[in-house]
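This is start.tsv. It holds TSV, C-alpha atoms and all ligand atoms.
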chain	number	residue	atom	x	y	z
A	298	MET	CA	-43.15	-1.52	-63.43
A	299	SER	CA	-41.21	-0.37	-60.41
A	300	LYS	CA	-37.60	-0.10	-59.49
A	301	ILE	CA	-36.24	1.02	-56.16
A	302	SER	CA	-32.82	2.11	-54.95
A	303	LEU	CA	-31.32	2.74	-51.55
A	304	LYS	CA	-28.24	4.93	-51.83
A	305	ASN	CA	-25.78	5.35	-48.94
A	306	ILE	CA	-28.54	5.01	-46.36
A	307	ASN	CA	-27.53	5.64	-42.74
A	308	LYS	CA	-29.71	5.63	-39.65
A	309	LYS	CA	-28.97	7.06	-36.24
A	310	TYR	CA	-31.86	7.15	-33.77
A	311	PRO	CA	-32.15	10.53	-32.01
A	312	ASN	CA	-31.57	9.01	-28.55
A	313	SER	CA	-28.62	6.87	-29.65
A	314	ASP	CA	-24.95	7.75	-30.21
A	315	THR	CA	-24.23	4.96	-32.70
A	316	TYR	CA	-25.58	4.24	-36.15
A	317	SER	CA	-28.12	1.39	-36.36
A	318	VAL	CA	-27.71	1.11	-40.16
A	319	ARG	CA	-24.57	2.14	-42.06
A	320	ASP	CA	-23.93	2.72	-45.74
A	321	PHE	CA	-26.79	0.57	-47.02
A	322	ASN	CA	-26.79	0.34	-50.83
A	323	ILE	CA	-28.93	-1.73	-53.16
A	324	ASP	CA	-30.81	-1.46	-56.47
A	325	ILE	CA	-33.91	-3.66	-56.62
A	326	GLU	CA	-35.48	-4.62	-59.94
A	327	ASP	CA	-39.19	-5.00	-60.67
A	328	GLY	CA	-40.63	-8.23	-59.28
A	329	GLU	CA	-37.65	-9.17	-57.11
A	330	PHE	CA	-38.13	-10.96	-53.79
A	331	ILE	CA	-35.45	-9.58	-51.48
A	332	VAL	CA	-34.84	-11.09	-48.05
A	333	LEU	CA	-33.06	-9.04	-45.37
A	334	VAL	CA	-31.59	-11.55	-42.96
A	335	GLY	CA	-29.24	-11.40	-40.00
A	336	PRO	CA	-29.11	-11.87	-36.23
A	337	SER	CA	-31.36	-9.94	-33.86
A	338	GLY	CA	-30.40	-6.26	-33.59
A	339	CYS	CA	-28.48	-6.08	-36.89
A	340	GLY	CA	-30.75	-3.35	-38.31
A	341	LYS	CA	-33.25	-5.27	-40.47
A	342	SER	CA	-36.43	-3.72	-39.03
A	343	THR	CA	-34.86	-0.28	-38.99
A	344	THR	CA	-34.06	-0.59	-42.71
A	345	LEU	CA	-37.57	-1.83	-43.52
A	346	ARG	CA	-39.18	0.95	-41.47
A	347	MET	CA	-37.16	3.58	-43.38
A	348	ILE	CA	-38.41	2.05	-46.65
A	349	ALA	CA	-41.95	2.12	-45.26
A	350	GLY	CA	-41.62	5.77	-44.28
A	351	LEU	CA	-42.16	4.98	-40.59
A	352	GLU	CA	-38.64	6.12	-39.63
A	353	ASP	CA	-36.68	9.11	-40.93
A	354	ILE	CA	-33.64	8.42	-43.07
A	355	THR	CA	-30.70	10.13	-41.32
A	356	GLU	CA	-28.50	10.26	-44.43
A	357	GLY	CA	-28.85	8.93	-47.97
A	358	GLU	CA	-31.58	8.62	-50.57
A	359	PHE	CA	-34.49	6.26	-51.06
A	360	ILE	CA	-35.62	6.28	-54.69
A	361	ILE	CA	-38.76	4.76	-56.24
A	362	ASP	CA	-38.95	4.86	-60.05
A	363	GLY	CA	-36.38	7.65	-60.26
A	364	GLN	CA	-38.03	9.86	-57.61
A	365	VAL	CA	-36.38	10.53	-54.25
A	366	VAL	CA	-39.15	9.74	-51.76
A	367	ASN	CA	-37.39	10.38	-48.42
A	368	ASN	CA	-40.02	12.99	-47.59
A	369	VAL	CA	-43.06	11.27	-49.10
A	370	SER	CA	-45.38	10.13	-46.31
A	371	SER	CA	-45.88	6.43	-45.67
A	372	LYS	CA	-49.47	6.39	-46.96
A	373	ASP	CA	-48.41	7.96	-50.28
A	374	ARG	CA	-45.71	5.37	-51.02
A	375	ASP	CA	-48.16	2.69	-52.28
A	376	ILE	CA	-46.85	-0.08	-50.06
A	377	ALA	CA	-48.54	-2.90	-48.16
A	378	MET	CA	-46.96	-4.02	-44.91
A	379	VAL	CA	-47.10	-7.00	-42.60
A	380	PHE	CA	-45.40	-6.87	-39.25
A	381	GLN	CA	-44.67	-9.42	-36.58
A	382	SER	CA	-47.11	-7.63	-34.31
A	383	TYR	CA	-50.19	-7.76	-36.51
A	384	ALA	CA	-52.67	-5.11	-35.46
A	385	LEU	CA	-56.09	-6.39	-36.54
A	386	TYR	CA	-59.30	-4.44	-35.91
A	387	PRO	CA	-60.80	-6.37	-32.97
A	388	HIS	CA	-64.44	-5.41	-33.64
A	389	MET	CA	-64.32	-6.44	-37.34
A	390	SER	CA	-64.71	-9.95	-38.76
A	391	VAL	CA	-61.81	-11.57	-40.59
A	392	ARG	CA	-63.58	-10.78	-43.87
A	393	ASP	CA	-63.83	-7.07	-43.02
A	394	ASN	CA	-60.25	-6.94	-41.71
A	395	VAL	CA	-58.90	-8.43	-44.94
A	396	GLY	CA	-61.09	-6.24	-47.16
A	397	TYR	CA	-60.64	-3.01	-45.22
A	398	GLY	CA	-57.84	-1.55	-47.36
A	399	LEU	CA	-59.87	-2.19	-50.52
A	400	LYS	CA	-62.94	-0.53	-48.99
A	401	LEU	CA	-60.87	2.55	-48.12
A	402	ARG	CA	-59.79	2.67	-51.75
A	403	HIS	CA	-63.45	2.46	-52.90
A	404	PHE	CA	-63.28	-0.93	-54.63
A	405	PRO	CA	-66.80	-2.20	-55.59
A	406	ALA	CA	-68.33	-4.51	-52.98
A	407	ASN	CA	-68.52	-7.60	-55.24
A	408	ASP	CA	-64.88	-7.16	-56.27
A	409	ILE	CA	-63.86	-6.95	-52.60
A	410	LYS	CA	-65.82	-10.13	-51.87
A	411	ASP	CA	-64.12	-12.05	-54.70
A	412	ARG	CA	-60.64	-10.90	-53.74
A	413	VAL	CA	-61.15	-11.69	-50.05
A	414	ASP	CA	-62.56	-15.15	-50.89
A	415	ASN	CA	-59.54	-15.91	-53.10
A	416	ILE	CA	-56.90	-14.78	-50.65
A	417	ALA	CA	-58.70	-16.63	-47.81
A	418	LYS	CA	-58.47	-19.83	-49.84
A	419	ASP	CA	-54.73	-19.29	-50.42
A	420	LEU	CA	-54.12	-18.76	-46.72
A	421	PHE	CA	-56.45	-21.50	-45.40
A	422	LEU	CA	-58.78	-18.94	-43.80
A	423	THR	CA	-62.05	-19.67	-45.61
A	424	GLU	CA	-63.78	-21.23	-42.61
A	425	TYR	CA	-62.80	-18.36	-40.31
A	426	LEU	CA	-64.01	-15.44	-42.45
A	427	GLU	CA	-66.97	-14.57	-40.21
A	428	ARG	CA	-65.04	-14.81	-36.93
A	429	LYS	CA	-63.55	-11.95	-34.91
A	430	PRO	CA	-59.77	-11.85	-34.33
A	431	LYS	CA	-60.13	-12.85	-30.65
A	432	GLU	CA	-61.69	-16.14	-31.79
A	433	LEU	CA	-58.54	-17.08	-33.72
A	434	SER	CA	-55.18	-18.61	-32.75
A	435	GLY	CA	-52.01	-16.51	-33.03
A	436	GLY	CA	-51.08	-18.28	-36.25
A	437	GLN	CA	-54.51	-17.66	-37.79
A	438	ARG	CA	-54.34	-13.98	-36.85
A	439	GLN	CA	-50.95	-13.69	-38.46
A	440	ARG	CA	-52.36	-15.17	-41.68
A	441	VAL	CA	-55.21	-12.64	-41.57
A	442	ALA	CA	-52.58	-9.89	-41.38
A	443	LEU	CA	-50.83	-11.43	-44.40
A	444	GLY	CA	-54.14	-11.62	-46.28
A	445	ARG	CA	-54.88	-7.98	-45.54
A	446	ALA	CA	-51.57	-6.99	-47.15
A	447	MET	CA	-51.68	-9.39	-50.08
A	448	VAL	CA	-55.30	-8.76	-51.09
A	449	ARG	CA	-54.19	-5.76	-53.11
A	450	THR	CA	-51.24	-5.17	-55.43
A	451	PRO	CA	-49.16	-2.17	-54.36
A	452	LYS	CA	-45.75	-1.11	-55.74
A	453	LEU	CA	-44.03	-2.74	-52.81
A	454	TYR	CA	-44.73	-5.38	-50.16
A	455	LEU	CA	-42.84	-5.07	-46.89
A	456	MET	CA	-42.89	-7.96	-44.43
A	457	ASP	CA	-41.16	-8.09	-41.05
A	458	GLU	CA	-40.94	-11.63	-39.64
A	459	PRO	CA	-44.52	-12.39	-40.71
A	460	LEU	CA	-44.27	-16.13	-40.01
A	461	SER	CA	-42.70	-15.98	-36.56
A	462	ASN	CA	-45.91	-16.90	-34.72
A	463	LEU	CA	-46.60	-20.00	-36.80
A	464	ASP	CA	-45.57	-23.52	-35.86
A	465	ALA	CA	-42.91	-25.20	-38.02
A	466	LYS	CA	-45.28	-27.00	-40.36
A	467	LEU	CA	-47.55	-24.01	-41.00
A	468	ARG	CA	-44.46	-21.82	-41.44
A	469	ALA	CA	-43.29	-24.05	-44.27
A	470	THR	CA	-46.67	-24.11	-46.05
A	471	THR	CA	-47.28	-20.37	-45.61
A	472	ARG	CA	-43.76	-19.68	-46.89
A	473	THR	CA	-44.65	-21.53	-50.09
A	474	GLU	CA	-47.95	-19.61	-50.34
A	475	ILE	CA	-46.20	-16.23	-49.98
A	476	SER	CA	-43.70	-17.20	-52.70
A	477	ARG	CA	-46.53	-18.29	-54.98
A	478	MET	CA	-48.59	-15.14	-54.37
A	479	HIS	CA	-45.49	-13.04	-55.00
A	480	ARG	CA	-44.88	-14.72	-58.35
A	481	GLU	CA	-48.51	-14.11	-59.31
A	482	LYS	CA	-48.53	-10.43	-58.35
A	483	GLY	CA	-44.99	-9.61	-59.40
A	484	ALA	CA	-44.56	-6.60	-57.09
A	485	ILE	CA	-41.22	-6.09	-55.34
A	486	THR	CA	-41.24	-7.74	-51.91
A	487	ILE	CA	-38.79	-6.98	-49.12
A	488	TYR	CA	-39.00	-9.62	-46.45
A	489	VAL	CA	-37.23	-9.51	-43.08
A	490	THR	CA	-36.31	-12.61	-41.11
A	491	HIS	CA	-33.61	-13.90	-38.76
A	492	ASP	CA	-34.14	-17.39	-40.17
A	493	GLN	CA	-31.60	-18.43	-42.80
A	494	VAL	CA	-33.90	-21.22	-44.01
A	495	GLU	CA	-36.59	-18.67	-44.91
A	496	ALA	CA	-33.94	-16.57	-46.63
A	497	MET	CA	-32.58	-19.52	-48.61
A	498	THR	CA	-35.99	-20.84	-49.67
A	499	MET	CA	-37.80	-17.60	-50.52
A	500	ALA	CA	-35.28	-15.05	-51.79
A	501	ASP	CA	-34.34	-14.10	-55.33
A	502	ARG	CA	-31.53	-12.23	-53.60
A	503	ILE	CA	-30.48	-12.23	-49.96
A	504	VAL	CA	-29.08	-9.21	-48.13
A	505	LEU	CA	-27.19	-10.55	-45.12
A	506	MET	CA	-26.59	-7.93	-42.40
A	507	SER	CA	-24.50	-7.83	-39.24
A	508	MET	CA	-24.22	-4.93	-36.80
A	509	GLY	CA	-25.90	-2.41	-39.10
A	510	GLU	CA	-23.86	-3.27	-42.17
A	511	ILE	CA	-24.45	-5.38	-45.27
A	512	GLN	CA	-22.08	-8.35	-45.29
A	513	GLN	CA	-23.04	-9.74	-48.69
A	514	ILE	CA	-25.79	-9.45	-51.30
A	515	GLY	CA	-26.45	-12.34	-53.68
A	516	THR	CA	-28.63	-15.26	-54.66
A	517	PRO	CA	-29.01	-18.02	-52.06
A	518	LYS	CA	-26.63	-20.13	-54.16
A	519	GLU	CA	-24.01	-17.38	-54.32
A	520	LEU	CA	-24.03	-16.84	-50.56
A	521	PHE	CA	-23.97	-20.56	-49.83
A	522	GLU	CA	-21.29	-21.52	-52.33
A	523	ASN	CA	-19.17	-18.41	-52.35
A	524	PRO	CA	-19.45	-16.64	-48.98
A	525	LYS	CA	-17.50	-13.42	-48.71
A	526	ASN	CA	-16.31	-13.92	-45.13
A	527	CYS	CA	-16.57	-16.16	-42.06
A	528	PHE	CA	-19.73	-14.43	-40.88
A	529	VAL	CA	-21.62	-15.22	-44.10
A	530	ALA	CA	-20.12	-18.73	-44.26
A	531	THR	CA	-21.28	-19.67	-40.77
A	532	PHE	CA	-24.64	-17.85	-40.91
A	533	MET	CA	-25.92	-19.56	-44.06
A	534	GLY	CA	-26.46	-23.32	-43.83
A	535	MET	CA	-27.34	-25.81	-41.12
A	536	PRO	CA	-25.32	-27.16	-39.35
A	537	SER	CA	-23.08	-24.12	-39.30
A	538	MET	CA	-19.87	-24.40	-41.36
A	539	ASN	CA	-16.87	-25.76	-39.38
A	540	LEU	CA	-13.99	-23.28	-39.12
A	541	ILE	CA	-10.69	-24.90	-38.26
A	542	LYS	CA	-7.55	-22.85	-37.60
A	543	GLY	CA	-4.32	-24.22	-39.00
A	544	GLN	CA	-1.23	-23.77	-41.12
A	545	TYR	CA	-1.02	-23.90	-44.92
A	546	GLU	CA	2.30	-25.08	-46.37
A	547	GLY	CA	3.40	-26.92	-49.50
A	548	GLY	CA	-0.13	-27.75	-50.61
A	549	GLN	CA	-1.14	-29.14	-47.23
A	550	PHE	CA	-3.32	-27.84	-44.44
A	551	THR	CA	-2.34	-28.85	-40.90
A	552	CYS	CA	-4.31	-28.26	-37.71
A	553	GLU	CA	-3.86	-29.72	-34.21
A	554	SER	CA	-5.44	-33.04	-35.16
A	555	PHE	CA	-4.82	-33.70	-38.83
A	556	THR	CA	-3.06	-32.87	-42.06
A	557	ILE	CA	-4.92	-32.95	-45.37
A	558	ALA	CA	-3.98	-32.24	-48.97
A	559	VAL	CA	-5.46	-29.09	-50.51
A	560	SER	CA	-6.97	-29.59	-54.01
A	561	GLU	CA	-4.93	-28.47	-57.05
A	562	SER	CA	-7.28	-25.61	-57.86
A	563	ASP	CA	-7.42	-24.28	-54.28
A	564	ARG	CA	-3.65	-24.63	-54.02
A	565	ALA	CA	-3.21	-22.41	-57.08
A	566	ILE	CA	-5.41	-19.73	-55.49
A	567	LEU	CA	-3.76	-19.87	-52.04
A	568	ASP	CA	-0.24	-19.83	-53.46
A	569	ALA	CA	-1.00	-16.95	-55.83
A	570	ALA	CA	-2.50	-14.97	-52.93
A	571	GLY	CA	0.72	-15.45	-50.91
A	572	TYR	CA	-0.62	-17.77	-48.20
A	573	ASN	CA	2.10	-20.44	-48.43
A	574	GLY	CA	3.58	-20.79	-44.93
A	575	LYS	CA	0.81	-18.77	-43.30
A	576	SER	CA	-1.92	-19.63	-40.84
A	577	LEU	CA	-5.49	-19.53	-42.08
A	578	LEU	CA	-8.99	-20.77	-41.33
A	579	LEU	CA	-10.27	-23.84	-43.15
A	580	GLY	CA	-14.03	-23.82	-43.74
A	581	ALA	CA	-15.74	-27.18	-44.21
A	582	ARG	CA	-19.48	-27.76	-44.19
A	583	SER	CA	-20.49	-30.88	-42.30
A	584	SER	CA	-21.63	-32.37	-45.62
A	585	ALA	CA	-17.98	-32.30	-46.77
A	586	ILE	CA	-16.87	-34.45	-43.80
A	587	ARG	CA	-17.76	-38.10	-44.40
A	588	SER	CA	-16.78	-41.65	-43.52
A	589	GLY	CA	-16.42	-45.04	-45.20
A	590	LYS	CA	-14.28	-46.87	-47.75
A	591	LYS	CA	-15.78	-45.03	-50.73
A	592	TYR	CA	-14.59	-41.68	-49.38
A	593	GLU	CA	-11.23	-43.05	-48.16
A	594	GLN	CA	-10.54	-44.26	-51.70
A	595	ALA	CA	-11.68	-41.02	-53.33
A	596	PHE	CA	-9.68	-38.77	-50.97
A	597	PRO	CA	-6.76	-40.92	-49.69
A	598	ASP	CA	-4.72	-37.90	-48.53
A	599	CYS	CA	-7.64	-36.30	-46.66
A	600	CYS	CA	-8.35	-38.97	-44.01
A	601	PHE	CA	-7.82	-38.79	-40.26
A	602	GLU	CA	-8.61	-40.79	-37.14
A	603	THR	CA	-10.78	-39.23	-34.47
A	604	THR	CA	-13.08	-40.08	-31.57
A	605	VAL	CA	-16.84	-39.57	-31.71
A	606	MET	CA	-17.79	-37.10	-28.97
A	607	ASN	CA	-21.50	-37.07	-29.75
A	608	SER	CA	-23.89	-38.08	-32.50
A	609	GLU	CA	-27.33	-36.91	-33.61
A	610	TYR	CA	-29.57	-39.30	-35.51
A	611	LEU	CA	-31.69	-37.38	-38.07
A	612	GLY	CA	-33.30	-40.25	-39.98
A	613	ASP	CA	-31.68	-39.85	-43.38
A	614	CYS	CA	-28.29	-38.87	-41.95
A	615	VAL	CA	-26.29	-38.72	-38.71
A	616	ASN	CA	-24.33	-35.74	-37.44
A	617	VAL	CA	-21.10	-36.76	-35.73
A	618	PHE	CA	-19.24	-34.42	-33.40
A	619	PHE	CA	-15.48	-34.70	-32.99
A	620	ASN	CA	-12.54	-32.68	-31.66
A	621	ALA	CA	-10.23	-31.24	-34.31
A	622	ALA	CA	-8.59	-28.81	-31.93
A	623	PRO	CA	-8.64	-28.61	-28.14
A	624	ARG	CA	-12.06	-27.69	-26.75
A	625	ASN	CA	-13.43	-27.22	-30.25
A	626	LEU	CA	-16.20	-29.48	-31.42
A	627	PHE	CA	-16.64	-30.03	-35.13
A	628	ILE	CA	-19.32	-31.79	-37.04
A	629	GLY	CA	-19.60	-34.16	-39.98
A	630	THR	CA	-22.72	-35.60	-41.60
A	631	LEU	CA	-22.83	-39.26	-42.51
A	632	GLY	CA	-25.41	-40.43	-45.03
A	633	SER	CA	-27.00	-43.83	-45.43
A	634	GLY	CA	-24.45	-46.49	-46.34
A	635	GLU	CA	-21.79	-44.86	-44.20
A	636	PRO	CA	-20.68	-46.50	-40.93
A	637	SER	CA	-22.99	-46.14	-37.94
A	638	VAL	CA	-21.31	-44.57	-34.95
A	639	GLU	CA	-21.55	-44.53	-31.16
A	640	ILE	CA	-20.10	-42.07	-28.68
A	641	ASP	CA	-16.41	-42.84	-27.92
A	642	ASP	CA	-15.99	-44.85	-31.16
A	643	LYS	CA	-12.72	-44.38	-32.99
A	644	ILE	CA	-13.52	-43.61	-36.62
A	645	THR	CA	-11.79	-42.50	-39.78
A	646	LEU	CA	-13.26	-39.32	-41.21
A	647	VAL	CA	-12.61	-38.06	-44.73
A	648	ILE	CA	-12.70	-34.44	-45.87
A	649	ASP	CA	-13.86	-33.87	-49.44
A	650	ASN	CA	-11.24	-31.33	-50.48
A	651	ASN	CA	-13.23	-30.25	-53.54
A	652	GLN	CA	-15.66	-28.48	-51.21
A	653	LEU	CA	-13.44	-26.38	-48.97
A	654	HIS	CA	-13.31	-22.70	-48.12
A	655	PHE	CA	-10.30	-20.75	-46.84
A	656	PHE	CA	-10.35	-17.53	-44.84
A	657	ASP	CA	-7.64	-15.09	-43.85
A	658	ALA	CA	-6.93	-15.73	-40.16
A	659	ASP	CA	-6.88	-12.00	-39.31
A	660	THR	CA	-9.52	-10.38	-41.54
A	661	GLU	CA	-11.76	-13.49	-41.81
A	662	GLU	CA	-12.30	-12.60	-45.50
A	663	SER	CA	-12.65	-15.51	-47.93
A	664	ILE	CA	-9.49	-15.98	-49.98
A	665	LYS	CA	-11.36	-17.74	-52.79
A	666	PHE	CA	-14.02	-14.99	-52.91
A	667	VAL	CA	-11.36	-12.29	-53.33
A	668	SER	CA	-9.63	-14.32	-56.02
A	669	LYS	CA	-12.91	-14.88	-57.89
A	670	GLN	CA	-13.78	-11.15	-57.76
A	671	ALA	CA	-10.35	-10.29	-59.12
A	672	SER	CA	-10.63	-12.75	-62.00
A	673	MET	CA	-14.12	-11.48	-62.85
A	674	SER	CA	-13.02	-7.86	-63.03
A	675	ALA	CA	-9.82	-8.72	-64.95
B	1	LIG	N1	-36.55	3.36	-31.60
B	1	LIG	C1	-35.25	3.09	-31.37
B	1	LIG	N2	-34.47	3.93	-30.69
B	1	LIG	C2	-33.15	3.66	-30.47
B	1	LIG	N3	-32.53	2.57	-30.92
B	1	LIG	C3	-33.26	1.67	-31.62
B	1	LIG	C4	-34.66	1.88	-31.87
B	1	LIG	N4	-35.11	0.82	-32.60
B	1	LIG	C5	-34.05	0.00	-32.76
B	1	LIG	N5	-32.95	0.50	-32.19
B	1	LIG	C6	-31.59	-0.10	-32.19
B	1	LIG	O1	-31.15	-0.24	-33.53
B	1	LIG	C7	-30.48	-1.46	-33.72
B	1	LIG	C8	-31.16	-2.27	-34.83
B	1	LIG	O2	-32.45	-2.64	-34.40
B	1	LIG	P1	-33.49	-3.37	-35.35
B	1	LIG	O3	-33.51	-2.68	-36.64
B	1	LIG	O4	-34.77	-3.48	-34.60
B	1	LIG	O5	-32.81	-4.81	-35.49
B	1	LIG	P2	-33.40	-6.19	-36.08
B	1	LIG	O6	-34.72	-5.92	-36.69
B	1	LIG	O7	-32.35	-6.64	-37.06
B	1	LIG	O8	-33.47	-7.13	-34.92
B	1	LIG	C9	-30.47	-2.17	-32.38
B	1	LIG	O9	-29.26	-1.94	-31.76
B	1	LIG	C10	-31.61	-1.51	-31.64
B	1	LIG	O10	-31.39	-1.52	-30.25
B	2	MG	MG	-36.61	-6.73	-36.19
What is this file in structure tokens?
Ligand SMILES: Nc1ncnc2c1ncn2[C@@H]1O[C@H](COP(=O)(O)OP(=O)(O)O)[C@@H](O)[C@H]1O
Ligand SMILES: [Mg+2]
Amino acid sequence: MSKISLKNINKKYPNSDTYSVRDFNIDIEDGEFIVLVGPSGCGKSTTLRMIAGLEDITEGEFIIDGQVVNNVSSKDRDIAMVFQSYALYPHMSVRDNVGYGLKLRHFPANDIKDRVDNIAKDLFLTEYLERKPKELSGGQRQRVALGRAMVRTPKLYLMDEPLSNLDAKLRATTRTEISRMHREKGAITIYVTHDQVEAMTMADRIVLMSMGEIQQIGTPKELFENPKNCFVATFMGMPSMNLIKGQYEGGQFTCESFTIAVSESDRAILDAAGYNGKSLLLGARSSAIRSGKKYEQAFPDCCFETTVMNSEYLGDCVNVFFNAAPRNLFIGTLGSGEPSVEIDDKITLVIDNNQLHFFDADTEESIKFVSKQASMSA
């Protein structure tokens, strides 16, 4: 059983005058799979390297099982790491690379062989076990690095973009393998990626960072359905959520190109929060913007005419791009059974007003998130 906590962690590199990580706080329970996600430069690797003991913690405490371990050396923290730049021993075979950590820890030879054989099977490496790293592709080498970490069960696995060198298909299968191995071993895993799909598919909880600070911590569902601010709303989900600036008044939202009715429940929240007569940002995922008679009948006061600026055929659906404000392109996703569209077509689009988000135009904080927090703590 392990439990780890990061308390008020800050990081300032000696040669830098700004903080790379600010006020990072989280408690992680035994067996959790935590994904640190965010754009390049937001402080993910820095945070992971502090947990690994490869970077000093400038301020704050890192606690494993009740013990502050800020000054415990990396090798005494009982962690296994995989980094984007996998350093394999070039003169050793794949088998010896994967088994090396076990050999150092004096595991019996037949035990090492069994463990290496098993992990090789999981990572599709069986036929390469006798090769040297230089005889492997980048993707195969990266899987050897994963195998080397996952062949033993430490207190903590740390992974920094371990799938970035794999092609899309292998990334998806290896992702599933990592999740499965994690469930089997049950050790806490902290996984860094810039890819929101990896975060959504693998995490028990996601920590979304921007510019050194945590934006939101929660399950994939919590971040997707109840984003705390515009940054979280647009980072999670593909295509990115549409944000449309407009005016809220008398239960209606009006932007340059359309007026739609706000749902009863959203109206109650917006009115209670004092937004009547104010400008705000409407957030609508493309999946909430549809077309066709079925939607027009279901949401008669949420329809508007527009011109198709572009369309992307994706097989099971089509993304349509339209202007809802000058120079701003928005996107809807039409499923099968909805009208087919061509560029320059005039179409009627329908917004499903049961699936909308609203953000304060100045702070970009979600109005529904704030209201939900308040009702939970009441
Ligand atoms: N060794 C270093 N010295 C000074 N600044 C650094 C160092 N490593 C990273 N940084 C800075 O810290 C910030 C966070 O970097 P990093 O943690 O690598 O981001 P991420 O992994 O999210 O892409 C960046 O602004 C980066 O330039
Ligand atoms: Mg990084």
Around ligand LIG 1 (chain B), out to 9 Å and counting only C-alpha atoms and all ligand atoms, which residues are there? I want them as a ChimeraX atom specification. /A:308-313,315-318,333-346,352,457-458,489-491,506-509
When you draw a straight line from atom CA of Thr551 of chain A to atom CA of Ser576 of chain A, how long is it in Å?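 Taking atom CA of Thr551 of chain A as the start and atom CA of Ser576 of chain A as the end point, the length is 9.2 Å.
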Closest of A:Asn415, A:Phe656, A:Leu567, A:Thr486 to Thr531 of chain A - atom-to-atom distances counting all atoms listed in the file: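 Selected residue with least distance to Thr531 of chain A: A:Phe656.
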Could you work out how far atom CA of Arg502 of chain A lies from atom CA of Phe528 of chain A, giving the answer in Å with one decimal?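 These atoms are spaced 17.5 Å apart.
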Please measure the separation of atom CA of Glu326 of chain A and atom CA of Lys300 of chain A, giving the value in Å to one decimal.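 Computing the Euclidean distance for atom CA of Glu326 of chain A and atom CA of Lys300 of chain A yields 5.0 Å.
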Looking at A:Leu577, A:Ile301, A:Ile360, A:Leu433, which one is nearest to Asp657 of chain A, with distances taken over all atoms listed in the file?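 The answer is A:Leu577, which sits nearest to Asp657 of chain A.
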Counting all atoms listed in the file, what is within 12 Å of Glu474 of chain A, bar same-chain residues fewer than 4 positions away, as a count of residues only? 20
Name the residues in contact with segment 389-401 of chain A at a cut-off of 7 Å, using all atoms listed in the file, excluding same-chain residues fewer than 4 positions from it; report them as a PyMOL selection string. chain A and resi 385+409+413+425-430+441+444-445
Given only C-alpha atoms as the counted atoms, nearest of A:Ile648, A:Val638, A:Leu653, A:Ile557 to Gly580 of chain A: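 Of all the options, A:Leu653 lies closest to Gly580 of chain A.
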Find the residue from A:Tyr488, A:Phe655, A:Phe521, A:Phe627 that sits nearest to ligand MG 2 (chain B); use all atoms listed in the file when measuring.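 Smallest distance to ligand MG 2 (chain B) is found for A:Tyr488.
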Among listed residues A:Glu495, A:Asp327, A:Asp408, A:Glu635, nearest Ile475 of chain A (using only C-alpha atoms): A:Glu495
Given the choices A:Leu611, A:Ser382, A:Gln594, A:Arg477, which gets closest to ligand MG 2 (chain B) if the distance is worked out from all atoms listed in the file?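 Closest candidate: A:Ser382.
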